[in-house]
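Undergrad: I'd like to ask some things about the structure below.
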Amino acid sequence: MLGFISGRKVGIDDPLRLRRAESTRRLLSLELNHGRDVERIHGNGVNCLDIEAVEGRYMLSGGADGVIVIYDLENYSGKLQYTCKAVGTVGRSSRFAHKFSVETVQWYPFDTGMFISSSFDKTMKVWDSETLKPAERFMFDGNVYCHHMSPIARKHSLVAVGTKNPKLQLCDLKSGSRIHVLQGHRAEILSVRWSPRNEHILASASADSTVRIWDVRRASGSLFTLDQHNGDKSKAAAEAVNTAHNGRVNGLCFSGDGLYLITMGTDDRMRLWNSSNGENTLVNYGKVSNESRKGLKFTVSTGCSLDCVFVPCGSSVAVYGLHSGELVATLRGHYNNVDCCDFHPAYQELYTGGKDCNVLAWIPALRAPDVEEEREEGVGPVAVNPAFEDAWSSEED
């Protein structure tokens with residue numbers, strides 16, 4: 001740490017290197033925070049979480065009980081032990097509440113005054129976060145498994161919606177109507193994600209074992225379909241040609257820079273793809289347990305030298321190196337299956353929700369003093385975690 005600060009002081013180091021190195025250290029030292037509770041509101045499992053990107057202060061949660069909660073993550077008490085309070089709740093008593101399980105919640109990317117939720121009650125609702133009343137409601141023919149709004153779009157206000165219908169729905173928030181469908185899948189769509197790099201590029205995952213990449217400006221069909229065998233037909237059975245997994249594909253997530261796409265399948269495999277050409281990078285993550293019958297809500301860290309993927313696996317969260325495929329850590333704290341997780345990039349914190357009705361906060365461990373600092377204080381050196389040494393040394397080289 002002192003080496004980075006000295007280099008920055010004399011102008012030979014970019015401040016970004018120090019930031020990335022410290023972010024990586026914090027990421028690799030995540031532990032359950034016993035001093036920070038998240039108020040327990042849900043009477044059933046927590047299905048989804050979303051932290052808004054404008055201030056990084058408010059978090060949404062959606063539950064299997066149809067309840068939606070807004071939490072304030074700031075600590076105003078000045079104490080180490082505090083509780084993140086619910087500042088808004090759409091409870092079962094509200095006439096606006098979803099009738100069945102809420103599957104996805106998402107803040108409007110540019111303003112905390114609005115958020116979107118979708119549910120197994122066949123609706124997607126656009127909410128005013130001040131009044132907690134829906135400003136718009138979209139009705140569908142079947143269960144809504146997922147929705148997603150582009151985090152960067154300035155030229156459109158489209159929400160992609162995956163339902164039991166194999167046609168991918170596009171809803172326009174400006175007009176309040178469903179304006180287009182994208183056809184190609186042969187079964188229900190379990191996950192959708194807009195690219196954080198190009199506002200017109202969209203990925204969709206289906207129970208038909210395929211992942212399709214779309215450019216919404218084109219009406220002729222998908223740009224391409226991901227192929228786990230990279231076009232080598234000799235390795236694939238006839239029914240496995242142009243499939244991303246050998247089972248239902250129920251999880252999608254782009255890397256922070258949008259260059260890569262991560263997919264999860266019920267074949268207990270996680271795959272990393274080049275998002276520009278659809279090539280399977282063949283990174284081996286080993287067996288990644290996936291027993292979810294719905295969409296799997298996993299997340300990826302950003303802004304670190306060593307970016308990681310956080311994947312719910314039973315009652316724990318497995319942390320994998322994005323490009324190495326190595327299992328870096330396993331986070332244990334829930335008493336039942338974990339259903340969702342969301343990464344807070346500003347503080348390198350992780351929030352997880354599960355069937356035990358709890359939302360848990362995982363924070364970086366405090367940094368151990370550097371050897372140089374200890375010698376100045378007359379204290380002997382301390383052992384350094386080898387996992388941290390690799391991440392730090394890659395920045396120092």
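Letters A, B, ... go to the chains of the structure tokens in the order shown; residues in each chain start at 1; ligands are counted from 1 in the same order.
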Can you pull out every residue within 9 Å of Thr123 in chain A, counting only C-alpha atoms, but drop anything in the same chain fewer than 4 positions away, and send it as a PDB file with all heavy atoms, in the first residue's frame?

TA:
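Final output, saved to out-v8.pdb:
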ATOM      1  N   HIS A  98     -48.314  -6.768  -6.057  1.00  0.00           N
ATOM      2  CA  HIS A  98     -48.401  -7.937  -6.924  1.00  0.00           C
ATOM      3  C   HIS A  98     -49.124  -9.063  -6.185  1.00  0.00           C
ATOM      4  O   HIS A  98     -48.959  -9.238  -4.973  1.00  0.00           O
ATOM      5  CB  HIS A  98     -47.001  -8.412  -7.327  1.00  0.00           C
ATOM      6  CG  HIS A  98     -46.360  -7.541  -8.362  1.00  0.00           C
ATOM      7  ND1 HIS A  98     -46.765  -7.527  -9.678  1.00  0.00           N
ATOM      8  CD2 HIS A  98     -45.329  -6.665  -8.274  1.00  0.00           C
ATOM      9  CE1 HIS A  98     -46.001  -6.676 -10.365  1.00  0.00           C
ATOM     10  NE2 HIS A  98     -45.127  -6.139  -9.541  1.00  0.00           N
ATOM     11  N   SER A 117     -41.006  -3.473 -11.525  1.00  0.00           N
ATOM     12  CA  SER A 117     -41.088  -4.824 -10.957  1.00  0.00           C
ATOM     13  C   SER A 117     -41.897  -5.715 -11.891  1.00  0.00           C
ATOM     14  O   SER A 117     -42.753  -5.242 -12.637  1.00  0.00           O
ATOM     15  CB  SER A 117     -41.754  -4.791  -9.574  1.00  0.00           C
ATOM     16  OG  SER A 117     -43.108  -4.367  -9.688  1.00  0.00           O
ATOM     17  N   SER A 118     -41.605  -7.009 -11.869  1.00  0.00           N
ATOM     18  CA  SER A 118     -42.378  -7.975 -12.656  1.00  0.00           C
ATOM     19  C   SER A 118     -42.643  -9.205 -11.807  1.00  0.00           C
ATOM     20  O   SER A 118     -41.873  -9.524 -10.891  1.00  0.00           O
ATOM     21  CB  SER A 118     -41.641  -8.348 -13.943  1.00  0.00           C
ATOM     22  OG  SER A 118     -40.345  -8.836 -13.677  1.00  0.00           O
ATOM     23  N   SER A 119     -43.722  -9.915 -12.148  1.00  0.00           N
ATOM     24  CA  SER A 119     -44.222 -10.935 -11.232  1.00  0.00           C
ATOM     25  C   SER A 119     -44.875 -12.092 -11.966  1.00  0.00           C
ATOM     26  O   SER A 119     -45.213 -12.016 -13.149  1.00  0.00           O
ATOM     27  CB  SER A 119     -45.237 -10.278 -10.278  1.00  0.00           C
ATOM     28  OG  SER A 119     -46.010 -11.230  -9.578  1.00  0.00           O
ATOM     29  N   ARG A 137     -48.812  -0.008 -16.001  1.00  0.00           N
ATOM     30  CA  ARG A 137     -48.870  -1.446 -15.809  1.00  0.00           C
ATOM     31  C   ARG A 137     -48.977  -2.134 -17.167  1.00  0.00           C
ATOM     32  O   ARG A 137     -49.762  -1.721 -18.018  1.00  0.00           O
ATOM     33  CB  ARG A 137     -50.063  -1.835 -14.939  1.00  0.00           C
ATOM     34  CG  ARG A 137     -50.113  -3.325 -14.619  1.00  0.00           C
ATOM     35  CD  ARG A 137     -51.233  -3.664 -13.657  1.00  0.00           C
ATOM     36  NE  ARG A 137     -52.541  -3.563 -14.301  1.00  0.00           N
ATOM     37  CZ  ARG A 137     -53.646  -4.154 -13.831  1.00  0.00           C
ATOM     38  NH1 ARG A 137     -53.588  -4.848 -12.705  1.00  0.00           N
ATOM     39  NH2 ARG A 137     -54.788  -4.019 -14.456  1.00  0.00           N
ATOM     40  N   PHE A 138     -48.156  -3.171 -17.360  1.00  0.00           N
ATOM     41  CA  PHE A 138     -48.171  -3.956 -18.590  1.00  0.00           C
ATOM     42  C   PHE A 138     -48.681  -5.356 -18.261  1.00  0.00           C
ATOM     43  O   PHE A 138     -48.199  -5.992 -17.313  1.00  0.00           O
ATOM     44  CB  PHE A 138     -46.773  -4.049 -19.197  1.00  0.00           C
ATOM     45  CG  PHE A 138     -46.197  -2.719 -19.634  1.00  0.00           C
ATOM     46  CD1 PHE A 138     -45.522  -1.905 -18.732  1.00  0.00           C
ATOM     47  CD2 PHE A 138     -46.328  -2.293 -20.944  1.00  0.00           C
ATOM     48  CE1 PHE A 138     -44.992  -0.690 -19.127  1.00  0.00           C
ATOM     49  CE2 PHE A 138     -45.795  -1.070 -21.351  1.00  0.00           C
ATOM     50  CZ  PHE A 138     -45.128  -0.271 -20.444  1.00  0.00           C
ATOM     51  N   MET A 139     -49.627  -5.831 -19.056  1.00  0.00           N
ATOM     52  CA  MET A 139     -50.206  -7.160 -18.857  1.00  0.00           C
ATOM     53  C   MET A 139     -49.662  -8.128 -19.910  1.00  0.00           C
ATOM     54  O   MET A 139     -49.487  -7.764 -21.066  1.00  0.00           O
ATOM     55  CB  MET A 139     -51.725  -7.099 -18.969  1.00  0.00           C
ATOM     56  CG  MET A 139     -52.412  -6.248 -17.918  1.00  0.00           C
ATOM     57  SD  MET A 139     -52.386  -7.014 -16.291  1.00  0.00           S
ATOM     58  CE  MET A 139     -53.352  -8.486 -16.606  1.00  0.00           C
ATOM     59  N   PHE A 140     -49.424  -9.385 -19.486  1.00  0.00           N
ATOM     60  CA  PHE A 140     -48.899 -10.409 -20.394  1.00  0.00           C
ATOM     61  C   PHE A 140     -49.762 -11.665 -20.302  1.00  0.00           C
ATOM     62  O   PHE A 140     -50.569 -11.822 -19.376  1.00  0.00           O
ATOM     63  CB  PHE A 140     -47.441 -10.713 -20.067  1.00  0.00           C
ATOM     64  CG  PHE A 140     -46.534  -9.521 -20.189  1.00  0.00           C
ATOM     65  CD1 PHE A 140     -46.282  -8.699 -19.083  1.00  0.00           C
ATOM     66  CD2 PHE A 140     -45.958  -9.191 -21.397  1.00  0.00           C
ATOM     67  CE1 PHE A 140     -45.480  -7.583 -19.193  1.00  0.00           C
ATOM     68  CE2 PHE A 140     -45.144  -8.070 -21.520  1.00  0.00           C
ATOM     69  CZ  PHE A 140     -44.911  -7.268 -20.412  1.00  0.00           C
ATOM     70  N   ASP A 141     -49.552 -12.575 -21.258  1.00  0.00           N
ATOM     71  CA  ASP A 141     -50.374 -13.788 -21.329  1.00  0.00           C
ATOM     72  C   ASP A 141     -49.926 -14.881 -20.359  1.00  0.00           C
ATOM     73  O   ASP A 141     -50.690 -15.786 -20.057  1.00  0.00           O
ATOM     74  CB  ASP A 141     -50.369 -14.352 -22.759  1.00  0.00           C
ATOM     75  CG  ASP A 141     -51.004 -13.388 -23.755  1.00  0.00           C
ATOM     76  OD1 ASP A 141     -51.903 -12.633 -23.326  1.00  0.00           O
ATOM     77  OD2 ASP A 141     -50.594 -13.380 -24.924  1.00  0.00           O
ATOM     78  N   GLY A 142     -48.673 -14.814 -19.918  1.00  0.00           N
ATOM     79  CA  GLY A 142     -48.160 -15.845 -19.017  1.00  0.00           C
ATOM     80  C   GLY A 142     -47.291 -15.250 -17.924  1.00  0.00           C
ATOM     81  O   GLY A 142     -47.108 -14.022 -17.837  1.00  0.00           O
ATOM     82  N   ASN A 143     -46.755 -16.109 -17.074  1.00  0.00           N
ATOM     83  CA  ASN A 143     -45.857 -15.668 -15.999  1.00  0.00           C
ATOM     84  C   ASN A 143     -44.710 -14.838 -16.549  1.00  0.00           C
ATOM     85  O   ASN A 143     -44.128 -15.175 -17.587  1.00  0.00           O
ATOM     86  CB  ASN A 143     -45.283 -16.873 -15.251  1.00  0.00           C
ATOM     87  CG  ASN A 143     -46.328 -17.620 -14.462  1.00  0.00           C
ATOM     88  OD1 ASN A 143     -47.448 -17.140 -14.280  1.00  0.00           O
ATOM     89  ND2 ASN A 143     -45.985 -18.804 -13.986  1.00  0.00           N
ATOM     90  N   VAL A 144     -44.369 -13.770 -15.838  1.00  0.00           N
ATOM     91  CA  VAL A 144     -43.218 -12.954 -16.227  1.00  0.00           C
ATOM     92  C   VAL A 144     -42.011 -13.423 -15.415  1.00  0.00           C
ATOM     93  O   VAL A 144     -41.993 -13.315 -14.192  1.00  0.00           O
ATOM     94  CB  VAL A 144     -43.483 -11.457 -15.978  1.00  0.00           C
ATOM     95  CG1 VAL A 144     -42.283 -10.636 -16.439  1.00  0.00           C
ATOM     96  CG2 VAL A 144     -44.745 -11.006 -16.698  1.00  0.00           C
TER      97      VAL A 144
END

Undergrad: Could you give me, as a VMD selection string, the residues within 10 Å of range 101-108 of chain A, counting only C-alpha atoms and dropping anything in the same chain fewer than 3 positions from it?

TA: chain A and resid 44 to 54 58 to 69 97 to 98 111 to 121 123 to 127 129 143 to 151 294 to 295 297

Undergrad: If you run DSSP on the backbone, which residues of range 43-244 of chain A are helix (DSSP H, G or I), as a list in words?

TA: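 The helix (DSSP H, G or I) subset of range 43-244 of chain A is Lys233, Ser234, Lys235, Ala238, Glu239 and Ala240 of chain A.
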
Undergrad: In range 73-177 of chain A, what's strand (DSSP E or B) per DSSP? Answer as number ranges by chain?

TA: A: 82-84, 86-90, 102-107, 114-119, 123-128, 133-139, 144-149, 158-163, 168-172, 177

Undergrad: With distances taken over only C-alpha atoms, which of A:Asn165, A:Gln81, A:Asn250, A:Thr330 is nearest to Ser29 in chain A?

TA: A:Thr330

Undergrad: Which distance in Å separates CA of Tyr285 in chain A and CA of Trp273 in chain A, to one decimal?

TA: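 Spanning CA of Tyr285 in chain A to CA of Trp273 in chain A is a straight-line distance of 13.0 Å.
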
Undergrad: Give me the residues near Asp172 in chain A as an NGL selection string, where near means some atom within 7 Å (using only C-alpha atoms) and where sequence neighbours in that chain fewer than 4 positions away do not count.

TA: :A and (157-159 or 176-179)

Undergrad: Hey, what's within 8 Å of Leu360 in chain A if we count only C-alpha atoms and toss same-chain stuff fewer than 3 positions away? As a PDB file with C-alpha atoms, in the first residue's frame, please?

TA:
ATOM      1  CA  LEU A  32     -20.392 -11.503   6.741  1.00  0.00           C
ATOM      2  CA  ASN A  33     -20.953  -8.243   8.593  1.00  0.00           C
ATOM      3  CA  ASP A  37     -28.452  -5.920   9.846  1.00  0.00           C
ATOM      4  CA  VAL A  38     -30.959  -5.444   7.059  1.00  0.00           C
ATOM      5  CA  GLY A 333     -24.313 -17.317   6.308  1.00  0.00           C
ATOM      6  CA  HIS A 334     -27.831 -18.115   5.095  1.00  0.00           C
ATOM      7  CA  TYR A 351     -25.895  -8.159  -0.552  1.00  0.00           C
ATOM      8  CA  THR A 352     -27.610 -11.548  -0.750  1.00  0.00           C
ATOM      9  CA  GLY A 353     -31.202 -12.694  -0.303  1.00  0.00           C
TER      10      GLY A 353
END

Undergrad: Find, counting only C-alpha atoms, the residue in A:Val181, A:Ser276, A:Leu282, A:Cys308 that gets nearest to His229 in chain A.

TA: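 When distances to His229 in chain A are compared using only C-alpha atoms, the smallest one comes from A:Leu282.
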
Undergrad: For CA of Ile152 in chain A and CA of Trp194 in chain A, determine how far apart the two atoms are, in Å to one decimal place.

TA: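 Going from CA of Ile152 in chain A over to CA of Trp194 in chain A covers 9.0 Å.
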
Undergrad: Which of these, A:Asp268, A:Leu261, A:Ser77, A:Glu291, has the shortest distance to His323 in chain A once you count only C-alpha atoms?

TA: A:Leu261

Undergrad: Pro196 in chain A: which residues within 12 Å, counting only C-alpha atoms, same-chain residues fewer than 3 positions away excluded, as a VMD selection string?

TA: chain A and resid 109 148 to 153 193 199 to 203 253 to 261 275 302

Undergrad: Take the residues just selected and output them with C-alpha atoms as a PDB file, in the first residue's frame.

TA:
ATOM      1  CA  PRO A 109     -30.947   3.733 -14.303  1.00  0.00           C
ATOM      2  CA  HIS A 148     -34.360  -5.560 -17.839  1.00  0.00           C
ATOM      3  CA  MET A 149     -33.872  -1.929 -18.832  1.00  0.00           C
ATOM      4  CA  SER A 150     -30.643  -0.742 -20.446  1.00  0.00           C
ATOM      5  CA  PRO A 151     -28.286   0.913 -17.925  1.00  0.00           C
ATOM      6  CA  ILE A 152     -26.879   3.269 -20.591  1.00  0.00           C
ATOM      7  CA  ALA A 153     -29.665   3.911 -23.135  1.00  0.00           C
ATOM      8  CA  ARG A 193     -29.854  -8.514 -20.222  1.00  0.00           C
ATOM      9  CA  GLU A 199     -27.552   0.346 -25.850  1.00  0.00           C
ATOM     10  CA  HIS A 200     -29.069  -1.555 -28.789  1.00  0.00           C
ATOM     11  CA  ILE A 201     -27.580  -4.987 -27.981  1.00  0.00           C
ATOM     12  CA  LEU A 202     -29.666  -7.424 -25.965  1.00  0.00           C
ATOM     13  CA  ALA A 203     -29.068 -11.021 -24.766  1.00  0.00           C
ATOM     14  CA  CYS A 253     -24.872 -11.378 -16.821  1.00  0.00           C
ATOM     15  CA  PHE A 254     -22.537  -9.101 -18.780  1.00  0.00           C
ATOM     16  CA  SER A 255     -19.131  -8.157 -17.405  1.00  0.00           C
ATOM     17  CA  GLY A 256     -18.876  -4.541 -16.290  1.00  0.00           C
ATOM     18  CA  ASP A 257     -17.201  -3.439 -19.524  1.00  0.00           C
ATOM     19  CA  GLY A 258     -19.649  -5.400 -21.673  1.00  0.00           C
ATOM     20  CA  LEU A 259     -16.905  -7.347 -23.425  1.00  0.00           C
ATOM     21  CA  TYR A 260     -17.977 -10.691 -21.976  1.00  0.00           C
ATOM     22  CA  LEU A 261     -21.235 -12.482 -21.258  1.00  0.00           C
ATOM     23  CA  SER A 275     -19.963 -10.806 -26.465  1.00  0.00           C
ATOM     24  CA  THR A 302     -16.503  -4.307 -11.476  1.00  0.00           C
TER      25      THR A 302
END

Undergrad: Distance CA of Pro364 in chain A-CA of Thr24 in chain A, one decimal place?

TA: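 Here the two named atoms are 10.0 Å from each other.
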
Undergrad: Can I get the residues of range 203-292 of chain A within 8 Å of range 311-317 of chain A, each with the closest pair of atoms and their distance in Å to one decimal, using only C-alpha atoms, sorted chain first then ascending number, as a Markdown table?

TA:
| residue | atom | partner | partner_atom | distance |
| --- | --- | --- | --- | --- |
| A:Val288 | CA | A:Cys313 | CA | 7.4 |
| A:Ser289 | CA | A:Cys313 | CA | 5.8 |
| A:Asn290 | CA | A:Cys313 | CA | 6.7 |
